[in-house]
Amino acid sequence: MKHLNLPKEKTFTGPASIWKRIFAFFVDIAIINLIILFPFRNLFKDIIPKSYSFSEAYRFMSTSTNYAGFITSITFVMSVLVILYFYMMEKRMGQTIGKMLMRIFVVSDSKELKAWQMLVRNLVFIPIFPFVLLWVIDPIFMFFTKTNQRLSEILSRTRVVERFSFEQQI
Amino acid sequence: MNANQPNFRWGYAIFVLLLLSFLALISVGVLSLFVGVDVESLGGNVALIPVHGVILGTEDSESFFETTTTSTDIVELIEKADKNPGIKAIILEIDSPGGSAVASEEIANAVKKTNKTTVAWIRESGASGAYWVASAADYIVASKVSITGSIGVIASYLEFPGLLERYNVTYQRLVAGKYKDIGSPFKEMTNEEKALFQQSLDAIRDYFVSEVAKNRNLNKKDIDKIANGLFYLGVQAKELGLVDELGSKDETIAYIEKKEGIKAELVEYKKEKGLLELLGEVFSKQSFFVGKGIGSSLLDRQAVSSVSITT
């Protein structure tokens with residue numbers, strides 16, 4: 001019997017499954033919280049009385065304009081660090097740690113990922129209006145588009161994909 | 001190295017995390033410079049000052065094993081709140097088993113000196129020296145099950161000449177001054193020394209009782225009767241007149257709002273932390289104490305002839 005000299009494995013890329021994306025996102029958020037944003041806890045402890053419950057702390061922050069301004073500054077710095085994490089990881093490797101674990105990638109519709117694309121796809125982390133609207137709109141788009149793309153991904157012309165492979169049977 | 005190689009990918013991920021953690025620490029350090037410094041300008045009309053843990057005089061006497069607070073810090077915060085015209089009242093949020101008699105008296109005096117309305121809000125415990133502090137406030141709020149009272153003085157210590165004898169270690173007494181080594185754990189206390197010690201403790205207790213009576217506008221004899229070192233639950237303390245109201249933070253705030261006719265907005269007064277201190281906290285209290293030196297902390301506790309009198 002003659003064997004054809006064909007590659008044994010063929011791969012192609014397609015939209016990453018939603019559950020893999022969600023899991024990767026939570027892994028990233030956990031890592032960011034535990035490692036990068038950990039020092040900020042002490043800062044918040046210093047300005048919000050320890051004895052406050054969550055609702056009291058919220059009321060405290062929303063009623064005191066000076067505190068709110070200071071907390072907004074801290075939140076802004078935190079969001080810059082979060083965006084930097086996604087930017088540095090995805091720009092260089094197309095993956096964050098969560099995506100590495102889930103074996104999913106960020107790709108550009110054009111040849112390579114550009115800086116503006118990375119920034120636009122991470123606009124969701126900017127904690128000011130109108131970007132906060134993306135917290136709701138972005139996931140909705142992901143669930144209702146064939147390519148599982150978030151709105152900010154459509155705008156940035158990027159998508160998250162995974163590799164599928166199958167063995168060639170001859 | 002290729003970005004597709006797994007080793008490179010994980011190495012790069014670790015590098016990014018380390019770099020961003022470093023940036024976060026720097027950011028926190030810079031931001032912390034603005035915390036506390038302008039606490040007055042950050043608003044609030046009621047200062048909340050936490051008095052948590054064993055009350056000590058200075059940071060040098062801080063313990064590795066328990067939460068502590070120093071009278072130096074608390075007095076400073078009270079004075080700061082007192083000087084701030086925006087602050088109408090001061091809440092002392094007490095959760096302390098007591099501590100040094102001198103340190104407790106220092107805080108109590110600072111509370112009495114203020115021109116603002118002062119309220120002691122006793123949480124889990126406000127016993128002994130911490131109750132001394134609370135009694136100096138204009139009003140005391142405690143939970144029904146808070147531990148209060150425990151008016152008394154203690155100076156017990158371990159004595160181990162028997163142990164030394166067992167290991168053939170002898171205590172060579174070299175003193176200039178008959179009572180210079182009174183309270184040394186290496187020798188047995190004589191009856192005369194015990195009597196002298198007891199006199200001092202009684203005198204401190206008597207002063208403690210009279211201060212509490214004066215602060216609470218109660219008869220000294222009545223306080224004397226209950227000043228046997230026993231603690232009282234909030235509900236019992238209310239009956240004895242040691243606290244004014246049973247409740248928690250809401251009742252504390254309600255009292256201030258009624259008395260001052262204001263809508264209370266709390267601002268927490270805490271010791272200002274330097275950049276290094278804040279960074280130290282990031283690596284947890286343990287790391288901080290490792291830096292400070294566990295050994296020195298332990299040695300401090302074993303200092304010879306250091307019988308501490310605590311309330």
# chains A, B, ... in the order shown; residues from 1 in each chain; ligands from 1
$ select_by_dssp --residues "range 68-231 of chain B" --states "helix (DSSP H, G or I)" --output "PDB file with C-alpha atoms, in the first residue's frame"
ATOM      1  CA  SER B  71      -0.697  56.475  73.908  1.00  0.00           C
ATOM      2  CA  THR B  72       1.762  58.684  72.017  1.00  0.00           C
ATOM      3  CA  ASP B  73      -0.122  58.094  68.769  1.00  0.00           C
ATOM      4  CA  ILE B  74      -3.608  58.302  70.263  1.00  0.00           C
ATOM      5  CA  VAL B  75      -2.880  61.510  72.165  1.00  0.00           C
ATOM      6  CA  GLU B  76      -1.443  63.041  68.991  1.00  0.00           C
ATOM      7  CA  LEU B  77      -4.568  62.112  67.032  1.00  0.00           C
ATOM      8  CA  ILE B  78      -6.884  63.483  69.713  1.00  0.00           C
ATOM      9  CA  GLU B  79      -4.975  66.771  69.744  1.00  0.00           C
ATOM     10  CA  LYS B  80      -5.059  66.916  65.955  1.00  0.00           C
ATOM     11  CA  ALA B  81      -8.827  66.369  65.882  1.00  0.00           C
ATOM     12  CA  ASP B  82      -9.248  68.921  68.661  1.00  0.00           C
ATOM     13  CA  LYS B  83      -7.358  71.566  66.707  1.00  0.00           C
ATOM     14  CA  ALA B 101      -1.527  52.438  83.614  1.00  0.00           C
ATOM     15  CA  VAL B 102       0.527  55.447  82.586  1.00  0.00           C
ATOM     16  CA  ALA B 103      -0.390  55.140  78.917  1.00  0.00           C
ATOM     17  CA  SER B 104      -4.092  54.777  79.761  1.00  0.00           C
ATOM     18  CA  GLU B 105      -3.958  57.852  81.984  1.00  0.00           C
ATOM     19  CA  GLU B 106      -2.217  59.838  79.237  1.00  0.00           C
ATOM     20  CA  ILE B 107      -4.997  59.077  76.778  1.00  0.00           C
ATOM     21  CA  ALA B 108      -7.703  59.735  79.381  1.00  0.00           C
ATOM     22  CA  ASN B 109      -6.171  63.148  80.137  1.00  0.00           C
ATOM     23  CA  ALA B 110      -6.016  64.027  76.452  1.00  0.00           C
ATOM     24  CA  VAL B 111      -9.695  63.098  76.082  1.00  0.00           C
ATOM     25  CA  LYS B 112     -10.620  65.285  79.039  1.00  0.00           C
ATOM     26  CA  LYS B 113      -8.643  68.221  77.674  1.00  0.00           C
ATOM     27  CA  GLY B 129      -7.059  50.712  81.209  1.00  0.00           C
ATOM     28  CA  ALA B 130      -9.268  50.908  78.133  1.00  0.00           C
ATOM     29  CA  TYR B 131     -12.242  51.555  80.414  1.00  0.00           C
ATOM     30  CA  TRP B 132     -10.201  54.266  82.145  1.00  0.00           C
ATOM     31  CA  VAL B 133      -9.864  55.891  78.709  1.00  0.00           C
ATOM     32  CA  ALA B 134     -13.578  55.409  77.968  1.00  0.00           C
ATOM     33  CA  SER B 135     -14.604  56.903  81.313  1.00  0.00           C
ATOM     34  CA  PRO B 161      14.634  30.745  91.226  1.00  0.00           C
ATOM     35  CA  GLY B 162      13.608  27.089  91.732  1.00  0.00           C
ATOM     36  CA  LEU B 163      14.234  26.359  88.078  1.00  0.00           C
ATOM     37  CA  LEU B 164      17.661  28.022  88.227  1.00  0.00           C
ATOM     38  CA  GLU B 165      18.511  26.012  91.335  1.00  0.00           C
ATOM     39  CA  ARG B 166      17.584  22.803  89.567  1.00  0.00           C
ATOM     40  CA  ASN B 191       7.178  39.268 102.359  1.00  0.00           C
ATOM     41  CA  GLU B 192       8.375  42.809 102.942  1.00  0.00           C
ATOM     42  CA  GLU B 193       8.870  43.356  99.240  1.00  0.00           C
ATOM     43  CA  LYS B 194       5.469  41.864  98.508  1.00  0.00           C
ATOM     44  CA  ALA B 195       3.868  44.233 100.996  1.00  0.00           C
ATOM     45  CA  LEU B 196       5.638  47.206  99.396  1.00  0.00           C
ATOM     46  CA  PHE B 197       4.572  46.105  95.953  1.00  0.00           C
ATOM     47  CA  GLN B 198       1.018  45.614  97.140  1.00  0.00           C
ATOM     48  CA  GLN B 199       1.032  49.139  98.572  1.00  0.00           C
ATOM     49  CA  SER B 200       1.969  50.540  95.172  1.00  0.00           C
ATOM     50  CA  LEU B 201      -0.685  48.477  93.417  1.00  0.00           C
ATOM     51  CA  ASP B 202      -3.305  49.581  95.944  1.00  0.00           C
ATOM     52  CA  ALA B 203      -2.291  53.189  95.438  1.00  0.00           C
ATOM     53  CA  ILE B 204      -2.611  52.867  91.655  1.00  0.00           C
ATOM     54  CA  ARG B 205      -5.960  51.106  92.035  1.00  0.00           C
ATOM     55  CA  ASP B 206      -7.160  53.846  94.364  1.00  0.00           C
ATOM     56  CA  TYR B 207      -6.140  56.499  91.857  1.00  0.00           C
ATOM     57  CA  PHE B 208      -7.796  54.511  89.049  1.00  0.00           C
ATOM     58  CA  VAL B 209     -11.021  54.273  91.088  1.00  0.00           C
ATOM     59  CA  SER B 210     -11.058  57.976  91.941  1.00  0.00           C
ATOM     60  CA  GLU B 211     -10.393  58.934  88.323  1.00  0.00           C
ATOM     61  CA  VAL B 212     -13.232  56.729  87.068  1.00  0.00           C
ATOM     62  CA  ALA B 213     -15.563  58.079  89.770  1.00  0.00           C
ATOM     63  CA  LYS B 214     -14.634  61.646  88.892  1.00  0.00           C
ATOM     64  CA  ASN B 215     -14.971  61.071  85.155  1.00  0.00           C
ATOM     65  CA  ARG B 216     -18.332  59.357  85.527  1.00  0.00           C
ATOM     66  CA  LYS B 220     -16.045  56.855  94.753  1.00  0.00           C
ATOM     67  CA  LYS B 221     -17.387  54.392  97.281  1.00  0.00           C
ATOM     68  CA  ASP B 222     -19.743  52.901  94.696  1.00  0.00           C
ATOM     69  CA  ILE B 223     -16.938  52.445  92.207  1.00  0.00           C
ATOM     70  CA  ASP B 224     -14.714  51.071  94.953  1.00  0.00           C
ATOM     71  CA  LYS B 225     -17.237  48.310  95.594  1.00  0.00           C
ATOM     72  CA  ILE B 226     -17.180  47.105  92.012  1.00  0.00           C
TER      73      ILE B 226
END
$ residues_around --residues "Arg103 in chain A" --least-positions-apart "6" --cutoff "9 Å" --atoms "only C-alpha atoms" --output "CSV table (one decimal) with C-alpha atoms, in the first residue's frame"
chain,number,residue,atom,x,y,z
A,20,LYS,CA,-12.7,29.5,27.9
A,95,GLN,CA,-1.8,35.9,25.4
A,161,VAL,CA,-9.2,32.6,18.8
A,162,GLU,CA,-8.2,29.1,19.7
A,163,ARG,CA,-6.4,26.5,17.5
$ residues_around --residues "Val243 in chain B" --least-positions-apart "4" --cutoff "6 Å" --atoms "only C-alpha atoms" --output "list in words"
Ile140, Ala237 and Lys238 of chain B
$ residues_around --residues "Ser110 in chain A" --least-positions-apart "6" --cutoff "12 Å" --atoms "only C-alpha atoms" --output "list in words"
Gln117, Ser156, Arg157, Thr158 and Arg159 of chain A
$ atom_distance --atom1 "CA of Glu66 in chain B" --atom2 "CA of Ile94 in chain B"
15.7 Å
$ closest_residue --among "B:Ala155, B:Val169, B:Leu25, B:Ile14" --to "chain A" --atoms "only C-alpha atoms"
B:Leu25
$ residues_around --residues "range 76-85 of chain A" --least-positions-apart "4" --cutoff "9 Å" --atoms "only C-alpha atoms" --output "list in words"
Ile29, Ile32, Ile36, Leu37, Phe40, Ile71, Thr72, Met89, Glu90, Thr96, Met118, Leu119, Asn122, Leu123, Phe125, Ile126, Pro127 and Ile128 of chain A; Val16, Leu17, Leu20, Ser21, Leu23, Ala24 and Ser27 of chain B
$ closest_residue --among "A:Thr75, A:Asn42, A:Ser152, A:Thr147" --to "chain B" --atoms "only C-alpha atoms"
A:Asn42
$ closest_residue --among "B:Val30, B:Val141, B:Ala264, B:Met189" --to "Ser248 in chain B" --atoms "only C-alpha atoms"
B:Val141
$ residues_around --residues "Ser17 in chain A" --least-positions-apart "5" --cutoff "12 Å" --atoms "only C-alpha atoms" --output "list in words"
Ile22, Phe23, Ala24, Lys99, Met102, Arg103, Ile104, Phe105, Met142, Phe143, Thr145, Lys146, Thr147, Asn148, Gln149, Arg159, Val160, Val161, Glu162, Arg163 and Phe164 of chain A
$ select_by_dssp --residues "range 4-165 of chain A" --states "strand (DSSP E)" --output "number ranges by chain"
A: 9-15, 104-108, 158-165
$ write_last_selection --atoms "C-alpha atoms" --output "PDB file, in the first residue's frame"
ATOM      1  CA  GLU A   9      -1.988  17.042  11.628  1.00  0.00           C
ATOM      2  CA  LYS A  10      -3.903  19.985  10.314  1.00  0.00           C
ATOM      3  CA  THR A  11      -4.711  23.012  12.405  1.00  0.00           C
ATOM      4  CA  PHE A  12      -6.991  25.946  11.913  1.00  0.00           C
ATOM      5  CA  THR A  13      -8.101  28.777  14.106  1.00  0.00           C
ATOM      6  CA  GLY A  14     -11.607  29.730  15.076  1.00  0.00           C
ATOM      7  CA  PRO A  15     -13.335  31.889  17.644  1.00  0.00           C
ATOM      8  CA  ILE A 104      -6.438  30.927  23.434  1.00  0.00           C
ATOM      9  CA  PHE A 105      -4.887  33.890  21.600  1.00  0.00           C
ATOM     10  CA  VAL A 106      -5.546  37.439  20.598  1.00  0.00           C
ATOM     11  CA  VAL A 107      -5.071  38.052  16.884  1.00  0.00           C
ATOM     12  CA  SER A 108      -5.429  41.086  14.709  1.00  0.00           C
ATOM     13  CA  THR A 158      -9.005  42.060  17.024  1.00  0.00           C
ATOM     14  CA  ARG A 159     -10.432  38.707  18.006  1.00  0.00           C
ATOM     15  CA  VAL A 160      -9.689  35.933  20.444  1.00  0.00           C
ATOM     16  CA  VAL A 161      -9.153  32.579  18.800  1.00  0.00           C
ATOM     17  CA  GLU A 162      -8.176  29.064  19.655  1.00  0.00           C
ATOM     18  CA  ARG A 163      -6.439  26.461  17.539  1.00  0.00           C
ATOM     19  CA  PHE A 164      -8.345  23.395  16.500  1.00  0.00           C
ATOM     20  CA  SER A 165      -6.543  20.382  15.081  1.00  0.00           C
TER      21      SER A 165
END
$ atom_distance --atom1 "CA of Asn7 in chain B" --atom2 "CA of Lys111 in chain A"
25.1 Å
$ atom_distance --atom1 "CA of Thr69 in chain B" --atom2 "CA of Ala47 in chain B"
17.3 Å
$ decode --residues "range 108-157 of chain A" --atoms "N, CA and C atoms" --output "mmCIF file, in the first residue's frame"
data_model
loop_
_atom_site.group_PDB
_atom_site.id
_atom_site.type_symbol
_atom_site.label_atom_id
_atom_site.label_comp_id
_atom_site.auth_asym_id
_atom_site.auth_seq_id
_atom_site.Cartn_x
_atom_site.Cartn_y
_atom_site.Cartn_z
ATOM 1 N N SER A 108 -4.944 39.876 15.362
ATOM 2 C CA SER A 108 -5.429 41.086 14.709
ATOM 3 C C SER A 108 -6.052 40.720 13.370
ATOM 4 N N ASP A 109 -7.025 41.517 12.940
ATOM 5 C CA ASP A 109 -7.601 41.288 11.614
ATOM 6 C C ASP A 109 -6.582 41.632 10.540
ATOM 7 N N SER A 110 -5.656 42.561 10.896
ATOM 8 C CA SER A 110 -4.575 42.860 9.953
ATOM 9 C C SER A 110 -3.385 41.964 10.299
ATOM 10 N N LYS A 111 -2.196 42.330 9.894
ATOM 11 C CA LYS A 111 -1.052 41.426 10.039
ATOM 12 C C LYS A 111 -0.637 41.206 11.497
ATOM 13 N N GLU A 112 -0.349 42.286 12.155
ATOM 14 C CA GLU A 112 0.110 42.128 13.545
ATOM 15 C C GLU A 112 -0.640 43.072 14.484
ATOM 16 N N LEU A 113 -0.557 42.744 15.784
ATOM 17 C CA LEU A 113 -1.257 43.550 16.790
ATOM 18 C C LEU A 113 -0.550 44.882 16.961
ATOM 19 N N LYS A 114 -1.294 45.949 16.823
ATOM 20 C CA LYS A 114 -0.693 47.282 16.970
ATOM 21 C C LYS A 114 -1.089 47.875 18.318
ATOM 22 N N ALA A 115 -0.313 48.869 18.741
ATOM 23 C CA ALA A 115 -0.540 49.466 20.067
ATOM 24 C C ALA A 115 -1.958 50.010 20.217
ATOM 25 N N TRP A 116 -2.442 50.715 19.194
ATOM 26 C CA TRP A 116 -3.784 51.312 19.318
ATOM 27 C C TRP A 116 -4.847 50.231 19.460
ATOM 28 N N GLN A 117 -4.601 49.086 18.812
ATOM 29 C CA GLN A 117 -5.571 47.992 18.910
ATOM 30 C C GLN A 117 -5.623 47.450 20.344
ATOM 31 N N MET A 118 -4.453 47.356 20.945
ATOM 32 C CA MET A 118 -4.390 46.842 22.326
ATOM 33 C C MET A 118 -5.100 47.796 23.281
ATOM 34 N N LEU A 119 -4.896 49.081 23.033
ATOM 35 C CA LEU A 119 -5.524 50.071 23.917
ATOM 36 C C LEU A 119 -7.043 50.071 23.753
ATOM 37 N N VAL A 120 -7.491 50.014 22.508
ATOM 38 C CA VAL A 120 -8.942 50.058 22.271
ATOM 39 C C VAL A 120 -9.623 48.814 22.849
ATOM 40 N N ARG A 121 -9.000 47.645 22.715
ATOM 41 C CA ARG A 121 -9.659 46.432 23.203
ATOM 42 C C ARG A 121 -9.676 46.373 24.745
ATOM 43 N N ASN A 122 -8.885 47.231 25.367
ATOM 44 C CA ASN A 122 -8.888 47.248 26.843
ATOM 45 C C ASN A 122 -9.530 48.507 27.434
ATOM 46 N N LEU A 123 -10.272 49.216 26.611
ATOM 47 C CA LEU A 123 -10.952 50.428 27.090
ATOM 48 C C LEU A 123 -11.906 50.124 28.248
ATOM 49 N N VAL A 124 -12.356 48.890 28.271
ATOM 50 C CA VAL A 124 -13.322 48.465 29.299
ATOM 51 C C VAL A 124 -12.781 48.658 30.727
ATOM 52 N N PHE A 125 -11.470 48.739 30.855
ATOM 53 C CA PHE A 125 -10.887 48.871 32.203
ATOM 54 C C PHE A 125 -10.763 50.312 32.675
ATOM 55 N N ILE A 126 -11.125 51.248 31.830
ATOM 56 C CA ILE A 126 -11.073 52.659 32.272
ATOM 57 C C ILE A 126 -12.338 52.948 33.080
ATOM 58 N N PRO A 127 -12.172 53.315 34.360
ATOM 59 C CA PRO A 127 -13.353 53.396 35.239
ATOM 60 C C PRO A 127 -14.100 54.727 35.167
ATOM 61 N N ILE A 128 -14.174 55.320 33.988
ATOM 62 C CA ILE A 128 -14.921 56.579 33.888
ATOM 63 C C ILE A 128 -15.925 56.498 32.735
ATOM 64 N N PHE A 129 -16.948 57.320 32.845
ATOM 65 C CA PHE A 129 -17.968 57.363 31.806
ATOM 66 C C PHE A 129 -17.344 57.886 30.518
ATOM 67 N N PRO A 130 -17.624 57.411 29.341
ATOM 68 C CA PRO A 130 -18.637 56.408 28.999
ATOM 69 C C PRO A 130 -18.114 54.976 28.969
ATOM 70 N N PHE A 131 -16.784 54.825 29.321
ATOM 71 C CA PHE A 131 -16.186 53.487 29.185
ATOM 72 C C PHE A 131 -16.820 52.453 30.110
ATOM 73 N N VAL A 132 -17.356 52.931 31.242
ATOM 74 C CA VAL A 132 -17.972 51.986 32.182
ATOM 75 C C VAL A 132 -19.177 51.283 31.554
ATOM 76 N N LEU A 133 -19.751 51.923 30.530
ATOM 77 C CA LEU A 133 -20.890 51.288 29.851
ATOM 78 C C LEU A 133 -20.469 49.970 29.187
ATOM 79 N N LEU A 134 -19.173 49.908 28.860
ATOM 80 C CA LEU A 134 -18.660 48.686 28.217
ATOM 81 C C LEU A 134 -18.728 47.477 29.145
ATOM 82 N N TRP A 135 -18.785 47.726 30.472
ATOM 83 C CA TRP A 135 -18.868 46.601 31.407
ATOM 84 C C TRP A 135 -20.100 45.759 31.106
ATOM 85 N N VAL A 136 -21.141 46.422 30.594
ATOM 86 C CA VAL A 136 -22.380 45.704 30.285
ATOM 87 C C VAL A 136 -22.434 45.365 28.798
ATOM 88 N N ILE A 137 -22.092 46.353 27.987
ATOM 89 C CA ILE A 137 -22.269 46.176 26.530
ATOM 90 C C ILE A 137 -21.297 45.132 25.959
ATOM 91 N N ASP A 138 -20.040 45.195 26.436
ATOM 92 C CA ASP A 138 -19.007 44.293 25.902
ATOM 93 C C ASP A 138 -19.389 42.804 25.980
ATOM 94 N N PRO A 139 -19.753 42.315 27.180
ATOM 95 C CA PRO A 139 -20.109 40.896 27.250
ATOM 96 C C PRO A 139 -21.348 40.546 26.430
ATOM 97 N N ILE A 140 -22.293 41.491 26.331
ATOM 98 C CA ILE A 140 -23.512 41.221 25.552
ATOM 99 C C ILE A 140 -23.129 40.953 24.089
ATOM 100 N N PHE A 141 -22.237 41.779 23.573
ATOM 101 C CA PHE A 141 -21.776 41.583 22.196
ATOM 102 C C PHE A 141 -21.131 40.207 22.021
ATOM 103 N N MET A 142 -20.366 39.813 23.048
ATOM 104 C CA MET A 142 -19.654 38.534 22.959
ATOM 105 C C MET A 142 -20.643 37.366 22.815
ATOM 106 N N PHE A 143 -21.763 37.502 23.520
ATOM 107 C CA PHE A 143 -22.744 36.414 23.500
ATOM 108 C C PHE A 143 -23.575 36.402 22.212
ATOM 109 N N PHE A 144 -23.658 37.552 21.557
ATOM 110 C CA PHE A 144 -24.572 37.620 20.424
ATOM 111 C C PHE A 144 -23.893 37.822 19.061
ATOM 112 N N THR A 145 -22.562 37.667 19.025
ATOM 113 C CA THR A 145 -21.908 37.711 17.711
ATOM 114 C C THR A 145 -21.385 36.313 17.375
ATOM 115 N N LYS A 146 -21.366 36.005 16.079
ATOM 116 C CA LYS A 146 -20.917 34.671 15.659
ATOM 117 C C LYS A 146 -19.451 34.436 16.004
ATOM 118 N N THR A 147 -18.687 35.529 15.979
ATOM 119 C CA THR A 147 -17.245 35.409 16.235
ATOM 120 C C THR A 147 -16.907 35.549 17.718
ATOM 121 N N ASN A 148 -17.906 35.615 18.565
ATOM 122 C CA ASN A 148 -17.718 35.800 20.022
ATOM 123 C C ASN A 148 -16.886 37.033 20.338
ATOM 124 N N GLN A 149 -17.049 38.076 19.567
ATOM 125 C CA GLN A 149 -16.251 39.296 19.787
ATOM 126 C C GLN A 149 -16.980 40.280 20.696
ATOM 127 N N ARG A 150 -16.198 40.912 21.557
ATOM 128 C CA ARG A 150 -16.745 42.001 22.373
ATOM 129 C C ARG A 150 -16.830 43.240 21.475
ATOM 130 N N LEU A 151 -17.581 44.248 21.910
ATOM 131 C CA LEU A 151 -17.690 45.467 21.117
ATOM 132 C C LEU A 151 -16.314 46.098 20.924
ATOM 133 N N SER A 152 -15.534 46.141 22.030
ATOM 134 C CA SER A 152 -14.211 46.771 21.938
ATOM 135 C C SER A 152 -13.269 45.959 21.044
ATOM 136 N N GLU A 153 -13.560 44.709 20.875
ATOM 137 C CA GLU A 153 -12.744 43.897 19.952
ATOM 138 C C GLU A 153 -13.123 44.196 18.503
ATOM 139 N N ILE A 154 -14.422 44.410 18.296
ATOM 140 C CA ILE A 154 -14.854 44.760 16.933
ATOM 141 C C ILE A 154 -14.248 46.105 16.544
ATOM 142 N N LEU A 155 -14.286 47.042 17.516
ATOM 143 C CA LEU A 155 -13.732 48.373 17.246
ATOM 144 C C LEU A 155 -12.222 48.326 17.029
ATOM 145 N N SER A 156 -11.560 47.445 17.752
ATOM 146 C CA SER A 156 -10.092 47.383 17.643
ATOM 147 C C SER A 156 -9.625 46.413 16.554
ATOM 148 N N ARG A 157 -10.571 45.817 15.894
ATOM 149 C CA ARG A 157 -10.277 44.842 14.828
ATOM 150 C C ARG A 157 -9.373 43.721 15.334
#
